[in-house]
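What follows is protein14.pdb (PDB, N, CA and C atoms).
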```pdb
ATOM      1  N   MET A   1     104.564  77.773 110.906
ATOM      2  CA  MET A   1     104.932  79.090 111.419
ATOM      3  C   MET A   1     106.066  78.927 112.427
ATOM      4  N   THR A   2     107.067  79.769 112.308
ATOM      5  CA  THR A   2     108.174  79.748 113.254
ATOM      6  C   THR A   2     107.976  80.825 114.318
ATOM      7  N   LEU A   3     108.798  80.765 115.347
ATOM      8  CA  LEU A   3     108.742  81.821 116.366
ATOM      9  C   LEU A   3     109.091  83.170 115.750
ATOM     10  N   GLU A   4     110.006  83.167 114.786
ATOM     11  CA  GLU A   4     110.359  84.420 114.098
ATOM     12  C   GLU A   4     109.151  84.992 113.356
ATOM     13  N   ASP A   5     108.388  84.130 112.686
ATOM     14  CA  ASP A   5     107.178  84.586 111.984
ATOM     15  C   ASP A   5     106.185  85.193 112.972
ATOM     16  N   LEU A   6     105.972  84.493 114.081
ATOM     17  CA  LEU A   6     105.039  84.990 115.090
ATOM     18  C   LEU A   6     105.524  86.311 115.663
ATOM     19  N   TYR A   7     106.819  86.402 115.915
ATOM     20  CA  TYR A   7     107.375  87.646 116.445
ATOM     21  C   TYR A   7     107.146  88.795 115.470
ATOM     22  N   GLN A   8     107.335  88.555 114.187
ATOM     23  CA  GLN A   8     107.113  89.606 113.193
ATOM     24  C   GLN A   8     105.650  90.047 113.171
ATOM     25  N   THR A   9     104.739  89.092 113.322
ATOM     26  CA  THR A   9     103.315  89.438 113.394
ATOM     27  C   THR A   9     103.043  90.302 114.618
ATOM     28  N   ILE A  10     103.617  89.921 115.739
ATOM     29  CA  ILE A  10     103.450  90.704 116.975
ATOM     30  C   ILE A  10     104.006  92.108 116.778
ATOM     31  N   GLN A  11     105.181  92.203 116.170
ATOM     32  CA  GLN A  11     105.784  93.515 115.896
ATOM     33  C   GLN A  11     104.841  94.386 115.057
ATOM     34  N   SER A  12     104.201  93.775 114.087
ATOM     35  CA  SER A  12     103.309  94.543 113.213
ATOM     36  C   SER A  12     102.086  95.056 113.965
ATOM     37  N   ARG A  13     101.744  94.407 115.047
ATOM     38  CA  ARG A  13     100.573  94.824 115.842
ATOM     39  C   ARG A  13     100.873  96.020 116.743
ATOM     40  N   LYS A  14     102.147  96.362 116.886
ATOM     41  CA  LYS A  14     102.497  97.509 117.723
ATOM     42  C   LYS A  14     101.826  98.789 117.235
ATOM     43  N   SER A  15     101.668  98.905 115.933
ATOM     44  CA  SER A  15     101.073 100.119 115.369
ATOM     45  C   SER A  15      99.601  99.935 115.022
ATOM     46  N   ALA A  16      99.038  98.783 115.365
ATOM     47  CA  ALA A  16      97.627  98.517 115.044
ATOM     48  C   ALA A  16      96.711  99.170 116.072
ATOM     49  N   ASP A  17      95.486  99.374 115.662
ATOM     50  CA  ASP A  17      94.457  99.897 116.553
ATOM     51  C   ASP A  17      94.158  98.837 117.617
ATOM     52  N   PRO A  18      94.257  99.200 118.902
ATOM     53  CA  PRO A  18      93.981  98.226 119.962
ATOM     54  C   PRO A  18      92.586  97.599 119.891
ATOM     55  N   ASP A  19      91.655  98.268 119.257
ATOM     56  CA  ASP A  19      90.312  97.697 119.114
ATOM     57  C   ASP A  19      90.275  96.591 118.057
ATOM     58  N   SER A  20      91.345  96.466 117.269
ATOM     59  CA  SER A  20      91.338  95.504 116.172
ATOM     60  C   SER A  20      92.121  94.227 116.474
ATOM     61  N   SER A  21      92.837  94.189 117.611
ATOM     62  CA  SER A  21      93.746  93.073 117.834
ATOM     63  C   SER A  21      94.027  92.891 119.322
ATOM     64  N   TRP A  22      93.956  91.630 119.786
ATOM     65  CA  TRP A  22      94.301  91.327 121.182
ATOM     66  C   TRP A  22      95.760  91.694 121.437
ATOM     67  N   THR A  23      96.626  91.390 120.501
ATOM     68  CA  THR A  23      98.048  91.703 120.662
ATOM     69  C   THR A  23      98.240  93.211 120.785
ATOM     70  N   ALA A  24      97.571  93.980 119.944
ATOM     71  CA  ALA A  24      97.673  95.443 120.015
ATOM     72  C   ALA A  24      97.148  95.959 121.346
ATOM     73  N   GLN A  25      96.078  95.363 121.845
ATOM     74  CA  GLN A  25      95.536  95.759 123.156
ATOM     75  C   GLN A  25      96.562  95.506 124.258
ATOM     76  N   LEU A  26      97.153  94.334 124.229
ATOM     77  CA  LEU A  26      98.135  93.969 125.245
ATOM     78  C   LEU A  26      99.348  94.892 125.182
ATOM     79  N   LEU A  27      99.872  95.120 123.996
ATOM     80  CA  LEU A  27     101.030  96.005 123.842
ATOM     81  C   LEU A  27     100.706  97.433 124.279
ATOM     82  N   ALA A  28      99.495  97.883 124.017
ATOM     83  CA  ALA A  28      99.094  99.239 124.401
ATOM     84  C   ALA A  28      99.067  99.420 125.916
ATOM     85  N   LYS A  29      98.926  98.328 126.640
ATOM     86  CA  LYS A  29      98.894  98.395 128.108
ATOM     87  C   LYS A  29     100.284  98.505 128.721
ATOM     88  N   GLY A  30     101.306  98.317 127.898
ATOM     89  CA  GLY A  30     102.676  98.522 128.352
ATOM     90  C   GLY A  30     103.404  97.251 128.737
ATOM     91  N   PRO A  31     104.730  97.381 128.854
ATOM     92  CA  PRO A  31     105.570  96.221 129.148
ATOM     93  C   PRO A  31     105.244  95.524 130.466
ATOM     94  N   GLU A  32     104.845  96.295 131.455
ATOM     95  CA  GLU A  32     104.542  95.687 132.749
ATOM     96  C   GLU A  32     103.355  94.731 132.640
ATOM     97  N   LYS A  33     102.319  95.141 131.924
ATOM     98  CA  LYS A  33     101.152  94.276 131.730
ATOM     99  C   LYS A  33     101.525  93.061 130.886
ATOM    100  N   CYS A  34     102.365  93.254 129.891
ATOM    101  CA  CYS A  34     102.817  92.133 129.068
ATOM    102  C   CYS A  34     103.572  91.118 129.925
ATOM    103  N   ALA A  35     104.412  91.595 130.827
ATOM    104  CA  ALA A  35     105.163  90.710 131.722
ATOM    105  C   ALA A  35     104.220  89.990 132.682
ATOM    106  N   GLU A  36     103.248  90.700 133.191
ATOM    107  CA  GLU A  36     102.263  90.096 134.102
ATOM    108  C   GLU A  36     101.504  88.970 133.391
ATOM    109  N   LYS A  37     101.088  89.216 132.170
ATOM    110  CA  LYS A  37     100.342  88.209 131.414
ATOM    111  C   LYS A  37     101.224  86.994 131.117
ATOM    112  N   PHE A  38     102.498  87.219 130.790
ATOM    113  CA  PHE A  38     103.430  86.112 130.580
ATOM    114  C   PHE A  38     103.518  85.265 131.851
ATOM    115  N   GLY A  39     103.638  85.916 132.988
ATOM    116  CA  GLY A  39     103.721  85.197 134.257
ATOM    117  C   GLY A  39     102.487  84.362 134.530
ATOM    118  N   GLU A  40     101.319  84.908 134.256
ATOM    119  CA  GLU A  40     100.072  84.164 134.440
ATOM    120  C   GLU A  40     100.055  82.912 133.573
ATOM    121  N   GLU A  41     100.455  83.074 132.324
ATOM    122  CA  GLU A  41     100.448  81.934 131.404
ATOM    123  C   GLU A  41     101.473  80.878 131.817
ATOM    124  N   ALA A  42     102.615  81.317 132.315
ATOM    125  CA  ALA A  42     103.635  80.373 132.775
ATOM    126  C   ALA A  42     103.111  79.548 133.946
ATOM    127  N   ILE A  43     102.413  80.189 134.866
ATOM    128  CA  ILE A  43     101.832  79.471 136.013
ATOM    129  C   ILE A  43     100.799  78.463 135.533
ATOM    130  N   GLU A  44      99.976  78.856 134.570
ATOM    131  CA  GLU A  44      98.974  77.920 134.036
ATOM    132  C   GLU A  44      99.652  76.713 133.396
ATOM    133  N   ALA A  45     100.770  76.923 132.710
ATOM    134  CA  ALA A  45     101.502  75.813 132.101
ATOM    135  C   ALA A  45     102.068  74.894 133.184
ATOM    136  N   ILE A  46     102.586  75.469 134.243
ATOM    137  CA  ILE A  46     103.116  74.673 135.352
ATOM    138  C   ILE A  46     102.024  73.796 135.947
ATOM    139  N   ILE A  47     100.850  74.365 136.142
ATOM    140  CA  ILE A  47      99.736  73.607 136.710
ATOM    141  C   ILE A  47      99.393  72.417 135.831
ATOM    142  N   GLU A  48      99.328  72.627 134.531
ATOM    143  CA  GLU A  48      98.986  71.527 133.617
ATOM    144  C   GLU A  48     100.091  70.478 133.569
ATOM    145  N   ALA A  49     101.345  70.907 133.711
ATOM    146  CA  ALA A  49     102.451  69.947 133.743
ATOM    147  C   ALA A  49     102.363  69.074 134.989
ATOM    148  N   VAL A  50     102.041  69.675 136.112
ATOM    149  CA  VAL A  50     101.910  68.927 137.365
ATOM    150  C   VAL A  50     100.735  67.955 137.283
ATOM    151  N   LYS A  51      99.657  68.381 136.644
ATOM    152  CA  LYS A  51      98.472  67.518 136.492
ATOM    153  C   LYS A  51      98.691  66.432 135.441
ATOM    154  N   ASP A  52      99.752  66.533 134.663
ATOM    155  CA  ASP A  52     100.072  65.594 133.591
ATOM    156  C   ASP A  52      98.972  65.544 132.534
ATOM    157  N   ASP A  53      98.433  66.730 132.226
ATOM    158  CA  ASP A  53      97.427  66.849 131.164
ATOM    159  C   ASP A  53      98.148  67.345 129.916
ATOM    160  N   LYS A  54      98.548  66.423 129.064
ATOM    161  CA  LYS A  54      99.384  66.766 127.909
ATOM    162  C   LYS A  54      98.695  67.717 126.937
ATOM    163  N   ALA A  55      97.403  67.508 126.687
ATOM    164  CA  ALA A  55      96.690  68.396 125.761
ATOM    165  C   ALA A  55      96.617  69.809 126.331
ATOM    166  N   ALA A  56      96.288  69.916 127.606
ATOM    167  CA  ALA A  56      96.202  71.242 128.230
ATOM    168  C   ALA A  56      97.578  71.883 128.318
ATOM    169  N   LEU A  57      98.607  71.074 128.615
ATOM    170  CA  LEU A  57      99.966  71.611 128.671
ATOM    171  C   LEU A  57     100.408  72.117 127.298
ATOM    172  N   THR A  58     100.073  71.398 126.260
ATOM    173  CA  THR A  58     100.409  71.832 124.905
ATOM    174  C   THR A  58      99.775  73.190 124.611
ATOM    175  N   SER A  59      98.516  73.338 124.968
ATOM    176  CA  SER A  59      97.805  74.598 124.750
ATOM    177  C   SER A  59      98.430  75.732 125.562
ATOM    178  N   GLU A  60      98.716  75.452 126.819
ATOM    179  CA  GLU A  60      99.315  76.483 127.675
ATOM    180  C   GLU A  60     100.734  76.832 127.230
ATOM    181  N   ALA A  61     101.474  75.834 126.739
ATOM    182  CA  ALA A  61     102.821  76.105 126.244
ATOM    183  C   ALA A  61     102.775  77.064 125.054
ATOM    184  N   ALA A  62     101.787  76.885 124.191
ATOM    185  CA  ALA A  62     101.619  77.812 123.068
ATOM    186  C   ALA A  62     101.332  79.222 123.588
ATOM    187  N   ASP A  63     100.493  79.313 124.619
ATOM    188  CA  ASP A  63     100.205  80.622 125.228
ATOM    189  C   ASP A  63     101.471  81.236 125.819
ATOM    190  N   VAL A  64     102.287  80.417 126.488
ATOM    191  CA  VAL A  64     103.531  80.902 127.093
ATOM    192  C   VAL A  64     104.460  81.461 126.017
ATOM    193  N   LEU A  65     104.642  80.716 124.937
ATOM    194  CA  LEU A  65     105.526  81.189 123.873
ATOM    195  C   LEU A  65     105.020  82.490 123.257
ATOM    196  N   TYR A  66     103.726  82.533 122.988
ATOM    197  CA  TYR A  66     103.137  83.761 122.424
ATOM    198  C   TYR A  66     103.364  84.944 123.366
ATOM    199  N   HIS A  67     103.036  84.769 124.644
ATOM    200  CA  HIS A  67     103.155  85.888 125.584
ATOM    201  C   HIS A  67     104.608  86.257 125.867
ATOM    202  N   LEU A  68     105.526  85.291 125.773
ATOM    203  CA  LEU A  68     106.944  85.615 125.881
ATOM    204  C   LEU A  68     107.349  86.543 124.736
ATOM    205  N   LEU A  69     106.905  86.221 123.529
ATOM    206  CA  LEU A  69     107.241  87.061 122.379
ATOM    207  C   LEU A  69     106.618  88.447 122.489
ATOM    208  N   VAL A  70     105.398  88.526 123.011
ATOM    209  CA  VAL A  70     104.771  89.835 123.224
ATOM    210  C   VAL A  70     105.583  90.641 124.236
ATOM    211  N   MET A  71     106.004  89.980 125.310
ATOM    212  CA  MET A  71     106.801  90.666 126.330
ATOM    213  C   MET A  71     108.120  91.153 125.742
ATOM    214  N   LEU A  72     108.784  90.313 124.944
ATOM    215  CA  LEU A  72     110.023  90.738 124.298
ATOM    216  C   LEU A  72     109.782  91.929 123.388
ATOM    217  N   ALA A  73     108.723  91.865 122.588
ATOM    218  CA  ALA A  73     108.410  92.967 121.665
ATOM    219  C   ALA A  73     108.111  94.252 122.425
ATOM    220  N   SER A  74     107.462  94.116 123.579
ATOM    221  CA  SER A  74     107.122  95.314 124.358
ATOM    222  C   SER A  74     108.362  96.040 124.866
ATOM    223  N   ARG A  75     109.459  95.312 124.973
ATOM    224  CA  ARG A  75     110.734  95.898 125.417
ATOM    225  C   ARG A  75     111.754  95.994 124.285
ATOM    226  N   ASP A  76     111.280  95.805 123.056
ATOM    227  CA  ASP A  76     112.136  95.920 121.869
ATOM    228  C   ASP A  76     113.359  94.998 121.930
ATOM    229  N   VAL A  77     113.120  93.768 122.395
ATOM    230  CA  VAL A  77     114.166  92.744 122.397
ATOM    231  C   VAL A  77     113.876  91.819 121.222
ATOM    232  N   PRO A  78     114.698  91.848 120.184
ATOM    233  CA  PRO A  78     114.451  91.004 119.016
ATOM    234  C   PRO A  78     114.597  89.515 119.344
ATOM    235  N   ILE A  79     113.730  88.707 118.767
ATOM    236  CA  ILE A  79     113.811  87.264 118.972
ATOM    237  C   ILE A  79     115.162  86.737 118.478
ATOM    238  N   CYS A  80     115.734  87.358 117.466
ATOM    239  CA  CYS A  80     117.037  86.894 116.974
ATOM    240  C   CYS A  80     118.119  87.049 118.042
ATOM    241  N   ASP A  81     117.989  88.042 118.922
ATOM    242  CA  ASP A  81     118.953  88.187 120.016
ATOM    243  C   ASP A  81     118.832  87.023 120.999
ATOM    244  N   VAL A  82     117.611  86.598 121.258
ATOM    245  CA  VAL A  82     117.386  85.459 122.147
ATOM    246  C   VAL A  82     117.943  84.193 121.508
ATOM    247  N   MET A  83     117.710  84.015 120.221
ATOM    248  CA  MET A  83     118.220  82.835 119.520
ATOM    249  C   MET A  83     119.755  82.828 119.497
ATOM    250  N   THR A  84     120.353  83.998 119.337
ATOM    251  CA  THR A  84     121.811  84.107 119.374
ATOM    252  C   THR A  84     122.342  83.708 120.745
ATOM    253  N   GLU A  85     121.664  84.141 121.788
ATOM    254  CA  GLU A  85     122.079  83.765 123.141
ATOM    255  C   GLU A  85     121.949  82.263 123.361
ATOM    256  N   LEU A  86     120.876  81.680 122.862
ATOM    257  CA  LEU A  86     120.729  80.227 122.970
ATOM    258  C   LEU A  86     121.847  79.497 122.227
ATOM    259  N   ALA A  87     122.188  79.979 121.048
ATOM    260  CA  ALA A  87     123.267  79.371 120.273
ATOM    261  C   ALA A  87     124.593  79.481 121.014
ATOM    262  N   ARG A  88     124.829  80.624 121.633
ATOM    263  CA  ARG A  88     126.059  80.810 122.401
ATOM    264  C   ARG A  88     126.121  79.794 123.540
ATOM    265  N   ARG A  89     125.013  79.615 124.220
ATOM    266  CA  ARG A  89     124.971  78.680 125.348
ATOM    267  C   ARG A  89     125.113  77.235 124.900
ATOM    268  N   GLN A  90     124.674  76.942 123.707
ATOM    269  CA  GLN A  90     124.740  75.577 123.200
ATOM    270  C   GLN A  90     126.178  75.104 123.038
ATOM    271  N   SER A  91     127.096  76.026 122.918
ATOM    272  CA  SER A  91     128.495  75.669 122.693
ATOM    273  C   SER A  91     129.227  75.296 123.982
ATOM    274  N   GLN A  92     128.521  75.332 125.108
ATOM    275  CA  GLN A  92     129.147  74.946 126.369
ATOM    276  C   GLN A  92     128.190  74.100 127.182
ATOM    277  N   SER A  93     128.726  73.432 128.186
ATOM    278  CA  SER A  93     127.856  72.592 129.007
ATOM    279  C   SER A  93     126.903  73.471 129.805
ATOM    280  N   GLY A  94     125.731  72.951 130.072
ATOM    281  CA  GLY A  94     124.744  73.692 130.863
ATOM    282  C   GLY A  94     125.245  74.016 132.244
ATOM    283  N   LEU A  95     126.003  73.118 132.851
ATOM    284  CA  LEU A  95     126.543  73.369 134.185
ATOM    285  C   LEU A  95     127.563  74.482 134.165
ATOM    286  N   THR A  96     128.398  74.509 133.132
ATOM    287  CA  THR A  96     129.394  75.587 133.010
ATOM    288  C   THR A  96     128.703  76.913 132.776
ATOM    289  N   GLU A  97     127.718  76.918 131.883
ATOM    290  CA  GLU A  97     126.987  78.153 131.578
ATOM    291  C   GLU A  97     126.307  78.689 132.828
ATOM    292  N   LYS A  98     125.646  77.822 133.572
ATOM    293  CA  LYS A  98     124.930  78.250 134.773
ATOM    294  C   LYS A  98     125.900  78.809 135.808
ATOM    295  N   ALA A  99     127.051  78.180 135.958
ATOM    296  CA  ALA A  99     128.045  78.644 136.923
ATOM    297  C   ALA A  99     128.595  80.006 136.556
ATOM    298  N   SER A 100     128.559  80.362 135.271
ATOM    299  CA  SER A 100     129.112  81.652 134.836
ATOM    300  C   SER A 100     128.168  82.821 135.117
ATOM    301  N   ARG A 101     126.937  82.526 135.476
ATOM    302  CA  ARG A 101     125.977  83.623 135.724
ATOM    303  C   ARG A 101     126.075  84.138 137.139
TER
END
```

Rewrite the structure of this file - the entire thing - as structure tokens.
Amino acid sequence: MTLEDLYQTIQSRKSADPDSSWTAQLLAKGPEKCAEKFGEEAIEAIIEAVKDDKAALTSEAADVLYHLLVMLASRDVPICDVMTELARRQSQSGLTEKASR
């Protein structure tokens, strides 16, 4: 499964009954809740990285990616736009890109 596949699944849950899907429940709570949940998962991933627990970090990283995609979907930001931005940045040095922001 690719991130695009997962994003499409998340998109399909936008119209699902919130009682039938965790993703639908989260999306029904709005973009702010989706962002809050992404932040929680990111903190959990940081904790596991600091503890050097690779299995737990792997699990939390999956949660981070999933919740990032939910947050993007909640604001109608297509994953392809994010991938395009990454591709654009790949064509220049990271230091140059960072300085341009």

key: Exercise: Ala45 (chain A) partners within 7 Å, only C-alpha atoms, chain neighbours under 5 positions left out, as a ChimeraX atom specification   = /A:57,60-61

As a check of understanding: the span from atom C of Thr23 (chain A) to atom C of Tyr66 (chain A) is 10.1 Å

> What does the distance between CA of Val64 (chain A) and CA of Tyr7 (chain A) come to in Å, to one decimal place?
Replying inline: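 Computing it gives 13.2 Å between the two atoms.
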
Please, what distance in Å, to one decimal, runs between atom C of Pro31 (chain A) and CA of Met71 (chain A)?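 Result for atom C of Pro31 (chain A) versus CA of Met71 (chain A): 6.6 Å, one decimal.
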
Residue among A:Ser21, A:Lys33, A:Leu3, A:Thr9 lying closest to Ser74 (chain A), counting only C-alpha atoms
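With only C-alpha atoms as the atom set, the closest residue is A:Lys33.
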
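Using all atoms listed in the file, the shortest contact distance between Lys37 (chain A) and any of A:Ala99, A:His67, A:Leu86, A:Asp76 is found at A:His67.
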